[in-house]
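Engineer: CSV, C-alpha atoms and all ligand atoms, saved as query-v9.csv, coming up:
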chain,number,residue,atom,x,y,z
G,6,MET,CA,-19.0,-12.4,-30.2
G,7,LEU,CA,-21.1,-10.5,-32.7
G,8,LYS,CA,-22.4,-13.8,-34.0
G,9,ASP,CA,-23.6,-14.7,-30.4
G,10,LEU,CA,-25.2,-11.3,-30.1
G,11,VAL,CA,-27.1,-11.6,-33.4
G,12,LYS,CA,-28.3,-15.1,-32.2
G,13,SER,CA,-29.7,-13.6,-29.0
G,14,GLU,CA,-33.4,-12.8,-29.0
G,15,GLU,CA,-33.1,-9.0,-28.4
G,16,PHE,CA,-30.2,-6.7,-28.5
G,17,HIS,CA,-29.5,-3.0,-28.8
G,18,LEU,CA,-27.2,-1.4,-31.3
G,19,CYS,CA,-26.0,2.2,-31.6
G,20,THR,CA,-25.2,4.1,-34.8
G,21,TYR,CA,-23.4,7.4,-34.9
G,22,VAL,CA,-23.5,10.2,-37.4
G,23,SER,CA,-21.2,13.2,-37.1
G,24,SER,CA,-22.1,16.8,-38.0
G,25,GLU,CA,-20.0,18.4,-40.7
G,26,ASP,CA,-17.7,20.2,-38.3
G,27,GLY,CA,-17.4,17.0,-36.2
G,28,LYS,CA,-18.4,18.8,-33.0
G,29,LEU,CA,-21.8,17.2,-32.6
G,30,TRP,CA,-22.7,13.5,-33.0
G,31,GLN,CA,-26.1,12.0,-33.4
G,32,GLN,CA,-26.5,8.7,-31.6
G,33,CYS,CA,-29.4,6.4,-32.7
G,34,VAL,CA,-30.2,3.5,-30.4
G,35,TRP,CA,-31.8,0.5,-32.3
G,36,SER,CA,-33.5,-2.5,-30.8
G,37,GLN,CA,-33.4,-5.7,-32.8
G,38,ARG,CA,-36.0,-8.3,-31.9
G,39,GLY,CA,-36.2,-11.3,-34.2
G,40,LYS,CA,-36.1,-9.8,-37.6
G,41,GLU,CA,-37.5,-6.5,-36.6
G,42,CYS,CA,-35.2,-3.5,-36.0
G,43,THR,CA,-36.7,-0.3,-34.5
G,44,GLU,CA,-35.2,3.0,-33.5
G,45,VAL,CA,-35.8,3.4,-29.7
G,46,ALA,CA,-33.9,6.5,-28.9
G,47,LYS,CA,-32.0,9.4,-30.3
G,48,HIS,CA,-29.3,11.4,-28.5
G,49,TYR,CA,-26.9,14.1,-29.3
G,50,ILE,CA,-23.4,13.8,-28.2
G,51,THR,CA,-20.9,16.7,-27.9
G,52,VAL,CA,-17.4,17.1,-26.3
G,53,ALA,CA,-17.8,18.1,-22.6
G,54,ALA,CA,-15.5,20.5,-20.8
G,55,LYS,CA,-12.6,18.9,-19.0
G,56,PRO,CA,-14.0,17.7,-15.6
G,57,GLU,CA,-12.8,19.7,-12.6
G,58,TYR,CA,-11.4,16.5,-11.0
G,59,HIS,CA,-9.3,13.9,-12.7
G,60,PRO,CA,-11.1,10.5,-12.4
G,61,THR,CA,-8.3,9.1,-10.3
G,62,LEU,CA,-9.1,11.7,-7.6
G,63,LEU,CA,-12.3,9.9,-6.9
G,64,ASN,CA,-10.2,6.8,-6.1
G,65,ILE,CA,-8.1,8.7,-3.6
G,66,ILE,CA,-10.3,10.6,-1.2
G,67,ASN,CA,-11.4,8.4,1.6
G,68,THR,CA,-10.5,5.3,-0.3
G,69,VAL,CA,-6.7,5.4,0.1
G,70,VAL,CA,-6.1,8.8,1.8
G,71,TYR,CA,-8.2,9.5,4.9
G,72,TYR,CA,-8.9,12.9,6.2
G,73,SER,CA,-10.3,12.1,9.6
G,74,PHE,CA,-9.9,9.6,12.4
G,75,GLU,CA,-13.5,8.4,12.0
G,76,ASP,CA,-13.0,7.7,8.3
G,77,ALA,CA,-10.0,5.5,8.8
G,78,TYR,CA,-11.5,3.9,11.9
G,79,ARG,CA,-14.7,2.9,10.1
G,80,VAL,CA,-12.7,1.0,7.5
G,81,LEU,CA,-11.0,-1.2,10.1
G,82,GLN,CA,-14.2,-1.6,11.9
G,83,GLU,CA,-15.8,-3.1,8.8
G,84,CYS,CA,-12.8,-5.6,8.5
G,85,LYS,CA,-13.1,-7.0,12.1
G,86,GLU,CA,-14.6,-10.2,10.9
G,87,CYS,CA,-12.2,-11.0,8.1
G,88,ILE,CA,-9.1,-9.5,9.7
G,89,PRO,CA,-9.2,-10.2,13.4
G,90,GLU,CA,-6.0,-8.1,14.0
G,91,SER,CA,-8.2,-5.1,13.2
G,92,LYS,CA,-9.8,-5.4,16.6
G,93,GLU,CA,-6.5,-4.9,18.4
G,94,VAL,CA,-5.6,-1.9,16.2
G,95,LEU,CA,-9.0,-0.4,17.0
G,96,GLU,CA,-8.5,-1.0,20.7
G,97,LEU,CA,-5.3,1.0,20.6
G,98,ALA,CA,-7.0,3.7,18.5
G,99,ASP,CA,-9.8,3.8,21.1
G,100,GLN,CA,-7.3,4.5,23.8
G,101,CYS,CA,-5.8,7.5,22.1
G,102,MET,CA,-7.4,10.8,22.6
G,103,LYS,CA,-8.8,12.4,19.5
G,104,ASN,CA,-7.7,15.9,18.7
G,105,SER,CA,-4.5,15.4,20.8
G,106,THR,CA,-3.2,18.9,21.6
G,107,LYS,CA,0.5,19.7,21.2
G,108,GLY,CA,2.5,20.7,24.2
G,109,ARG,CA,4.7,23.8,24.4
G,110,PHE,CA,7.9,22.1,22.8
G,111,PRO,CA,8.4,22.0,19.1
G,112,VAL,CA,7.4,18.9,17.0
G,113,ILE,CA,9.7,18.2,14.1
G,114,VAL,CA,8.9,15.6,11.5
G,115,ILE,CA,11.5,14.1,9.2
G,116,GLU,CA,10.2,12.7,5.9
G,117,GLY,CA,11.8,11.1,2.8
G,118,LEU,CA,12.1,8.0,0.8
G,119,ASP,CA,13.9,5.0,2.3
G,120,ALA,CA,17.7,5.5,2.7
G,121,THR,CA,17.5,9.3,2.5
G,122,GLY,CA,19.0,9.4,6.0
G,123,LYS,CA,15.9,9.8,8.3
G,124,THR,CA,17.1,7.3,10.9
G,125,THR,CA,20.6,8.8,11.0
G,126,LEU,CA,19.3,12.4,11.2
G,127,THR,CA,16.5,11.8,13.7
G,128,GLN,CA,18.9,10.0,16.1
G,129,SER,CA,21.4,12.9,16.0
G,130,LEU,CA,18.5,15.4,16.5
G,131,GLN,CA,17.2,13.5,19.5
G,132,GLU,CA,20.7,13.7,21.1
G,133,ILE,CA,21.4,17.3,20.3
G,134,LEU,CA,17.9,18.6,21.2
G,135,ARG,CA,17.5,16.2,24.1
G,136,GLY,CA,14.2,15.4,22.7
G,137,ALA,CA,11.9,12.4,22.3
G,138,LEU,CA,12.2,10.3,19.2
G,139,LEU,CA,8.9,8.8,17.9
G,140,ARG,CA,7.9,7.2,14.6
G,141,SER,CA,4.7,6.6,12.7
G,142,PRO,CA,3.4,3.9,12.6
G,143,PRO,CA,4.3,3.6,16.3
G,144,GLY,CA,6.1,0.5,17.7
G,145,CYS,CA,2.9,-0.8,19.2
G,146,LEU,CA,1.6,-1.5,15.7
G,147,SER,CA,4.8,-3.1,14.3
G,148,GLN,CA,3.5,-6.6,14.9
G,149,TRP,CA,0.6,-6.1,12.5
G,150,ARG,CA,2.3,-4.1,9.8
G,151,ALA,CA,3.1,-7.0,7.5
G,152,ARG,CA,-0.4,-8.3,7.9
G,153,PHE,CA,-1.9,-5.0,6.8
G,154,ASP,CA,0.8,-4.5,4.1
G,155,ALA,CA,-0.6,-7.6,2.4
G,156,GLU,CA,-4.1,-6.1,2.3
G,157,PRO,CA,-5.6,-4.0,-0.6
G,158,PRO,CA,-4.9,-0.3,-0.5
G,159,LEU,CA,-8.3,0.7,1.1
G,160,ILE,CA,-7.4,-1.4,4.2
G,161,ARG,CA,-3.7,-1.0,4.2
G,162,ARG,CA,-3.8,2.8,4.0
G,163,ALA,CA,-6.5,3.0,6.8
G,164,PHE,CA,-4.1,1.1,9.0
G,165,TYR,CA,-1.3,3.6,8.4
G,166,ALA,CA,-3.8,6.5,8.8
G,167,LEU,CA,-4.8,5.2,12.2
G,168,GLY,CA,-1.1,4.8,13.0
G,169,ASN,CA,-0.6,8.5,12.7
G,170,TYR,CA,-3.5,9.3,15.1
G,171,ILE,CA,-2.0,6.8,17.6
G,172,SER,CA,1.5,8.4,17.2
G,173,ALA,CA,-0.2,11.8,17.6
G,174,CYS,CA,-1.2,10.9,21.2
G,175,ASP,CA,2.5,10.1,22.0
G,176,ILE,CA,3.6,13.3,20.3
G,177,ALA,CA,1.1,15.3,22.3
G,178,ARG,CA,2.2,13.8,25.6
G,179,GLU,CA,6.0,14.0,24.9
G,180,SER,CA,5.8,17.6,23.5
G,181,ALA,CA,4.7,18.8,26.9
G,182,LYS,CA,8.1,17.6,28.3
G,183,SER,CA,10.7,18.1,25.5
G,184,PRO,CA,11.1,18.7,21.7
G,185,VAL,CA,9.8,15.8,19.7
G,186,ILE,CA,11.4,14.3,16.6
G,187,VAL,CA,9.1,12.2,14.4
G,188,ASP,CA,10.4,9.7,11.8
G,189,ARG,CA,7.6,9.7,9.1
G,190,TYR,CA,4.1,11.0,9.7
G,191,TRP,CA,1.1,11.9,7.6
G,192,HIS,CA,3.1,13.2,4.6
G,193,SER,CA,4.4,9.6,4.1
G,194,THR,CA,1.0,8.1,4.5
G,195,ALA,CA,-0.6,10.4,1.9
G,196,ALA,CA,2.4,10.6,-0.5
G,197,TYR,CA,2.8,6.8,-0.9
G,198,ALA,CA,-0.9,6.3,-1.2
G,199,ILE,CA,-1.4,9.0,-3.9
G,200,ALA,CA,1.7,7.9,-5.9
G,201,THR,CA,0.6,4.2,-5.8
G,202,GLU,CA,-3.0,5.1,-6.9
G,203,VAL,CA,-2.1,7.4,-9.7
G,204,GLY,CA,-1.0,5.6,-12.9
G,205,GLY,CA,1.0,7.2,-15.7
G,206,THR,CA,3.5,9.9,-15.4
G,207,LEU,CA,4.1,12.8,-13.0
G,208,GLU,CA,1.5,14.8,-15.0
G,209,SER,CA,-1.2,12.4,-13.9
G,210,LEU,CA,-0.8,13.5,-10.2
G,211,PRO,CA,-3.6,15.7,-9.0
G,212,SER,CA,-2.7,19.3,-9.6
G,213,SER,CA,-0.8,21.2,-6.8
G,214,HIS,CA,-3.9,22.8,-5.3
G,215,SER,CA,-6.0,19.7,-5.3
G,216,GLU,CA,-7.8,18.9,-2.1
G,217,VAL,CA,-6.1,15.5,-1.9
G,218,TYR,CA,-3.0,17.2,-0.5
G,219,ARG,CA,-4.9,18.9,2.4
G,220,TRP,CA,-3.9,18.0,6.0
G,221,PRO,CA,-6.6,16.2,8.1
G,222,ARG,CA,-8.2,18.8,10.3
G,223,ASP,CA,-8.2,16.5,13.4
G,224,LEU,CA,-4.6,15.4,13.3
G,225,LEU,CA,-2.0,17.1,15.4
G,226,THR,CA,0.0,19.5,13.2
G,227,PRO,CA,3.8,19.5,13.6
G,228,ASP,CA,5.8,22.8,13.8
G,229,LEU,CA,8.2,21.8,11.0
G,230,VAL,CA,8.3,19.0,8.4
G,231,VAL,CA,11.6,18.4,6.7
G,232,LEU,CA,11.7,16.4,3.5
G,233,LEU,CA,15.1,14.8,2.8
G,234,THR,CA,15.9,14.3,-0.8
G,235,VAL,CA,18.9,12.5,-2.2
G,236,ARG,CA,20.2,12.2,-5.7
G,237,PRO,CA,19.1,8.8,-7.1
G,238,GLU,CA,22.8,7.5,-7.5
G,239,GLU,CA,23.6,8.5,-3.9
G,240,ARG,CA,20.5,6.8,-2.6
G,241,ALA,CA,21.3,3.6,-4.6
G,242,ARG,CA,24.8,3.7,-3.1
G,243,ARG,CA,23.4,4.0,0.4
G,244,LEU,CA,20.9,1.2,0.0
G,245,LEU,CA,23.6,-1.0,-1.3
G,246,ALA,CA,26.1,-0.1,1.5
G,247,ARG,CA,23.4,-0.8,4.1
G,248,GLY,CA,23.0,-4.3,2.7
G,249,VAL,CA,19.7,-4.9,4.3
G,250,GLU,CA,17.0,-6.9,2.6
G,251,LYS,CA,14.8,-4.5,0.6
G,252,THR,CA,11.1,-4.4,1.3
G,253,ARG,CA,9.0,-5.3,-1.7
G,254,GLU,CA,8.0,-1.7,-2.0
G,255,GLU,CA,11.6,-0.6,-1.9
G,256,ALA,CA,12.5,-3.0,-4.7
G,257,GLU,CA,9.7,-1.6,-6.6
G,258,LEU,CA,10.9,1.9,-6.0
G,259,GLU,CA,14.2,1.1,-7.4
G,260,ALA,CA,12.9,-0.6,-10.4
G,261,ASN,CA,10.4,2.2,-10.9
G,262,ASN,CA,12.1,5.5,-10.9
G,263,LEU,CA,8.9,7.1,-12.0
G,264,PHE,CA,7.0,5.9,-8.9
G,265,ARG,CA,9.8,7.3,-6.7
G,266,GLN,CA,9.5,10.7,-8.5
G,267,LYS,CA,5.7,10.6,-7.9
G,268,VAL,CA,6.1,9.9,-4.2
G,269,GLU,CA,8.6,12.8,-3.9
G,270,GLU,CA,6.4,15.2,-5.9
G,271,ALA,CA,3.3,14.2,-3.8
G,272,TYR,CA,5.4,15.0,-0.6
G,273,ARG,CA,6.2,18.4,-2.0
G,274,ARG,CA,2.5,19.2,-2.8
G,275,ILE,CA,1.1,18.5,0.6
G,276,GLN,CA,0.0,21.7,2.3
G,277,ASP,CA,-0.6,23.2,5.8
G,278,PRO,CA,2.0,22.2,6.8
G,279,ALA,CA,4.1,22.0,3.6
G,280,CYS,CA,7.5,20.4,3.9
G,281,VAL,CA,10.8,22.2,3.7
G,282,VAL,CA,12.9,20.3,1.2
G,283,ILE,CA,16.6,19.6,2.0
G,284,ASP,CA,19.2,18.1,-0.2
G,285,ALA,CA,20.4,15.3,2.0
G,286,SER,CA,23.2,14.1,-0.4
G,287,PRO,CA,26.0,15.9,1.4
G,288,SER,CA,27.7,14.4,4.5
G,289,LYS,CA,25.8,13.5,7.7
G,290,GLU,CA,27.3,16.5,9.5
G,291,GLU,CA,26.4,19.0,6.8
G,292,VAL,CA,22.8,17.7,6.6
G,293,LEU,CA,22.5,17.9,10.4
G,294,SER,CA,23.8,21.4,10.6
G,295,GLU,CA,21.4,22.5,7.8
G,296,VAL,CA,18.4,21.0,9.6
G,297,LEU,CA,19.5,22.5,12.9
G,298,LEU,CA,19.5,25.9,11.3
G,299,LEU,CA,16.1,25.3,9.9
G,300,ILE,CA,14.8,24.3,13.4
G,301,GLN,CA,16.3,27.4,14.9
G,302,LYS,CA,14.5,29.5,12.3
G,303,HIS,CA,11.1,27.8,12.4
G,304,CYS,CA,10.9,26.7,16.1
G,305,ASN,CA,12.7,29.4,18.1
G,306,LEU,CA,15.0,26.8,19.6
F,1,LIG,N1,24.3,12.3,4.9
F,1,LIG,C1,24.7,11.1,4.6
F,1,LIG,N2,25.8,10.8,3.9
F,1,LIG,C2,26.2,9.5,3.6
F,1,LIG,N3,25.6,8.4,4.1
F,1,LIG,C3,24.5,8.6,4.9
F,1,LIG,C4,24.0,9.9,5.2
F,1,LIG,N4,22.9,9.8,6.0
F,1,LIG,C5,22.7,8.5,6.1
F,1,LIG,N5,23.6,7.8,5.5
F,1,LIG,C6,23.8,6.3,5.4
F,1,LIG,O1,22.8,5.9,4.4
F,1,LIG,C7,22.1,4.7,4.9
F,1,LIG,C8,20.6,5.0,5.0
F,1,LIG,O2,20.4,5.9,6.1
F,1,LIG,P1,19.2,5.8,7.1
F,1,LIG,O3,19.4,6.9,8.1
F,1,LIG,O4,19.1,4.4,7.6
F,1,LIG,O5,18.0,6.2,6.1
F,1,LIG,P2,16.4,6.0,6.3
F,1,LIG,O6,16.1,5.9,7.7
F,1,LIG,O7,15.8,7.2,5.6
F,1,LIG,O8,16.1,4.7,5.6
F,1,LIG,C9,22.8,4.3,6.2
F,1,LIG,O9,23.8,3.4,5.9
F,1,LIG,C10,23.4,5.6,6.7
F,1,LIG,O10,24.6,5.4,7.5
F,2,LIG,N1,3.5,7.2,8.7
F,2,LIG,C1,3.6,6.3,7.7
F,2,LIG,C2,4.8,5.6,7.6
F,2,LIG,C3,4.9,4.7,6.5
F,2,LIG,N2,3.9,4.5,5.7
F,2,LIG,C4,4.0,3.5,4.6
F,2,LIG,C5,4.3,4.2,3.3
F,2,LIG,C6,5.0,3.2,2.5
F,2,LIG,O1,4.1,2.3,2.0
F,2,LIG,C7,5.8,2.4,3.6
F,2,LIG,C8,7.2,2.9,3.8
F,2,LIG,O2,7.7,2.3,4.8
F,2,LIG,P1,9.2,1.7,4.8
F,2,LIG,O3,9.2,0.4,5.4
F,2,LIG,O4,9.8,1.8,3.4
F,2,LIG,O5,9.8,2.8,5.7
F,2,LIG,P2,10.9,2.7,6.8
F,2,LIG,O6,12.1,2.1,6.1
F,2,LIG,O7,10.2,1.8,7.9
F,2,LIG,O8,11.0,4.1,7.2
F,2,LIG,O9,5.1,2.6,4.8
F,2,LIG,C9,2.7,5.2,5.8
F,2,LIG,O10,1.8,5.0,5.0
F,2,LIG,N3,2.6,6.1,6.8
Would you kindly transcribe this structure into structure tokens?
Ligand SMILES: Nc1ncnc2c1ncn2[C@@H]1O[C@H](COP(=O)(O)OP(=O)(O)O)[C@@H](O)[C@H]1O
Ligand SMILES: Nc1ccn([C@H]2C[C@H](O)[C@@H](COP(=O)(O)OP(=O)(O)O)O2)c(=O)n1

Structural biologist:
Amino acid sequence: MLKDLVKSEEFHLCTYVSSEDGKLWQQCVWSQRGKECTEVAKHYITVAAKPEYHPTLLNIINTVVYYSFEDAYRVLQECKECIPESKEVLELADQCMKNSTKGRFPVIVIEGLDATGKTTLTQSLQEILRGALLRSPPGCLSQWRARFDAEPPLIRRAFYALGNYISACDIARESAKSPVIVDRYWHSTAAYAIATEVGGTLESLPSSHSEVYRWPRDLLTPDLVVLLTVRPEERARRLLARGVEKTREEAELEANNLFRQKVEEAYRRIQDPACVVIDASPSKEEVLSEVLLLIQKHCNL
């Protein structure tokens, strides 16, 4: 490669000289043209303070985590030509009222990794509280989920973000009539997106107070978010007992314990509303009564 460079008519070369204490470096930029080599610039280089934001943060805000209806909507709008299904998702989004207002009944969101017991718990809660059971993404988007799952994160996550706004309309409507239980919502959308985007270990996650964990201002806020956590061995046992085909992401989650930890840690860091963490490893009955106590405490039920 160097040989090719030397053969080319003109190229630039940099040389570096360090100060005695190693804190300052002098960079000389040379230009070689034919046989002539001249110094064209001189710079001083020093160690800069650690940037306020980790570089990965710039790859998260509004590229995989969206903080407003408009931002997610715009992404799918730009995909209309190459992904025709976007039009149908946008039409559904158009029908939903923005800034849906919650009714007088409590809205309780249940979050957690796959096989932590969300389906089991949400069904029991629906029966006991005589509430409505909703999920995000809502059923009306199921037919396009696989299509968007195959797209790059920018598009895939915008689909899930819009799904939350569409669910929010149903939540608003139902919470005027009865308590509402929601299986996954914005915590899932943000936590999976952040954990996928951030490479490395748990330490690479944006710090706890980072703005990536903030709740979108225009999205209906639930009264209570419960995060179900299960010991890895118990979760593996449940997945196996269930015997269903694992999604690609779930297979990845199992293979990649670190990714699983990052998703869970991102869940815990999301604020306003933060989630209340429950150990869901005990029996179904024990988990249910613990969550019912929480609901009584937080939602005056
Ligand atoms: N508390 C529990 N103790 C033991 N097994 C459970 C418990 N909660 C759920 N399960 C079982 O674990 C499996 C996964 O539960 P499920 O509710 O489908 O989880 P998710 O909806 O989070 O994927 C199911 O077979 C379910 O019967
Ligand atoms: N509200 C939601 C729900 C799911 N997601 C994304 C996050 C993950 O990529 C997957 C997890 O979905 P998965 O199929 O494992 O979940 P269920 O078993 O359907 O509950 O979906 C989301 O971004 N927002």

Engineer: Between CA of Glu208 (chain G) and atom C2 of ligand LIG 2 (chain F), what is the spacing in Å?

Structural biologist: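 Interatomic distance here is 24.6 Å.
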
Engineer: Which of these residues is nearest to Leu306 (chain G), using only C-alpha atoms: G:Ser183, G:Gln128, G:Thr194, G:Ser213?

Structural biologist: G:Ser183

Engineer: Neighbours of region 53-67 of chain G within 8 Å (only C-alpha atoms; same-chain residues fewer than 3 positions away dropped), as a short mmCIF file (atom, residue, chain, number, x, y, z; two decimals) with C-alpha atoms, in the frame of the given file?

Structural biologist:
data_model
loop_
_atom_site.label_atom_id
_atom_site.label_comp_id
_atom_site.auth_asym_id
_atom_site.auth_seq_id
_atom_site.Cartn_x
_atom_site.Cartn_y
_atom_site.Cartn_z
CA VAL G 70 -6.10 8.80 1.80
CA TYR G 71 -8.20 9.50 4.90
CA TYR G 72 -8.90 12.90 6.20
CA ASP G 76 -13.00 7.70 8.30
CA ALA G 77 -10.00 5.50 8.80
CA ALA G 198 -0.90 6.30 -1.20
CA ILE G 199 -1.40 9.00 -3.90
CA GLU G 202 -3.00 5.10 -6.90
CA VAL G 203 -2.10 7.40 -9.70
CA PRO G 211 -3.60 15.70 -9.00
CA VAL G 217 -6.10 15.50 -1.90
#

Engineer: Need the shell around Leu95 (chain G): protein/DNA/RNA residues with any atom at most 9 Å away, counting all atoms listed in the file. Skip same-chain ones fewer than 3 positions apart. Format as a PyMOL selection string?

Structural biologist: chain G and resi 78+81-82+90-92+98-100+167

Engineer: With 6 Å as the cut-off and only C-alpha atoms and all ligand atoms counted, what is the closest atom pair between each nearby residue of chain G and ligand LIG 1 (chain F)? Distances in Å to one decimal, ordered by chain and number, as a tab-separated table.

Structural biologist:
residue	atom	partner	partner_atom	distance
G:Asp119	CA	F:LIG1	O8	4.0
G:Ala120	CA	F:LIG1	O8	3.4
G:Thr121	CA	F:LIG1	O7	4.1
G:Gly122	CA	F:LIG1	O3	3.3
G:Lys123	CA	F:LIG1	O7	3.7
G:Thr124	CA	F:LIG1	O6	3.6
G:Thr125	CA	F:LIG1	O3	3.7
G:Arg243	CA	F:LIG1	O1	4.5
G:Arg247	CA	F:LIG1	O9	4.6
G:Ala285	CA	F:LIG1	N1	5.7
G:Ser286	CA	F:LIG1	N1	5.7
G:Pro287	CA	F:LIG1	N1	5.3
G:Ser288	CA	F:LIG1	N1	4.0
G:Lys289	CA	F:LIG1	N1	3.4
G:Val292	CA	F:LIG1	N1	5.9

Engineer: Calculate how many Å separate CA of Gly205 (chain G) from CA of Lys267 (chain G), rounding to one decimal.

Structural biologist: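 Taking CA of Gly205 (chain G) and CA of Lys267 (chain G), their separation equals 9.7 Å.
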
Engineer: Dump as CSV the rows for residues of region 156-222 of chain G within 7 Å of region 132-143 of chain G: closest atom pair and distance in Å with one decimal, all atoms listed in the file counted, ordered by chain and rising residue number.

Structural biologist:
residue,atom,partner,partner_atom,distance
G:Tyr165,CA,G:Pro142,CA,6.3
G:Gly168,CA,G:Pro142,CA,4.6
G:Asn169,CA,G:Ser141,CA,5.6
G:Ser172,CA,G:Pro143,CA,5.6
G:Glu179,CA,G:Ala137,CA,6.6
G:Ser183,CA,G:Gly136,CA,5.2
G:Pro184,CA,G:Gly136,CA,4.6
G:Val185,CA,G:Ala137,CA,4.8
G:Ile186,CA,G:Leu138,CA,4.8
G:Val187,CA,G:Leu139,CA,4.9
G:Asp188,CA,G:Arg140,CA,4.5
G:Arg189,CA,G:Ser141,CA,5.6
G:Tyr190,CA,G:Ser141,CA,5.4

Engineer: Would you compute the distance between CA of His303 (chain G) and CA of Ala279 (chain G)? Give it in Å to one decimal.

Structural biologist: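 Separating CA of His303 (chain G) from CA of Ala279 (chain G) is a distance of 12.7 Å.
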
Engineer: Edge lengths and centre, in Å to one decimal, as AutoDock Vina command-line options: that's what I need for the box along x, y and z that holds all listed atoms of region 189-203 of chain G plus 8 Å on each side.

Structural biologist:
--center_x 2.3 --center_y 8.7 --center_z 0.0 --size_x 26.6 --size_y 25.0 --size_z 35.4
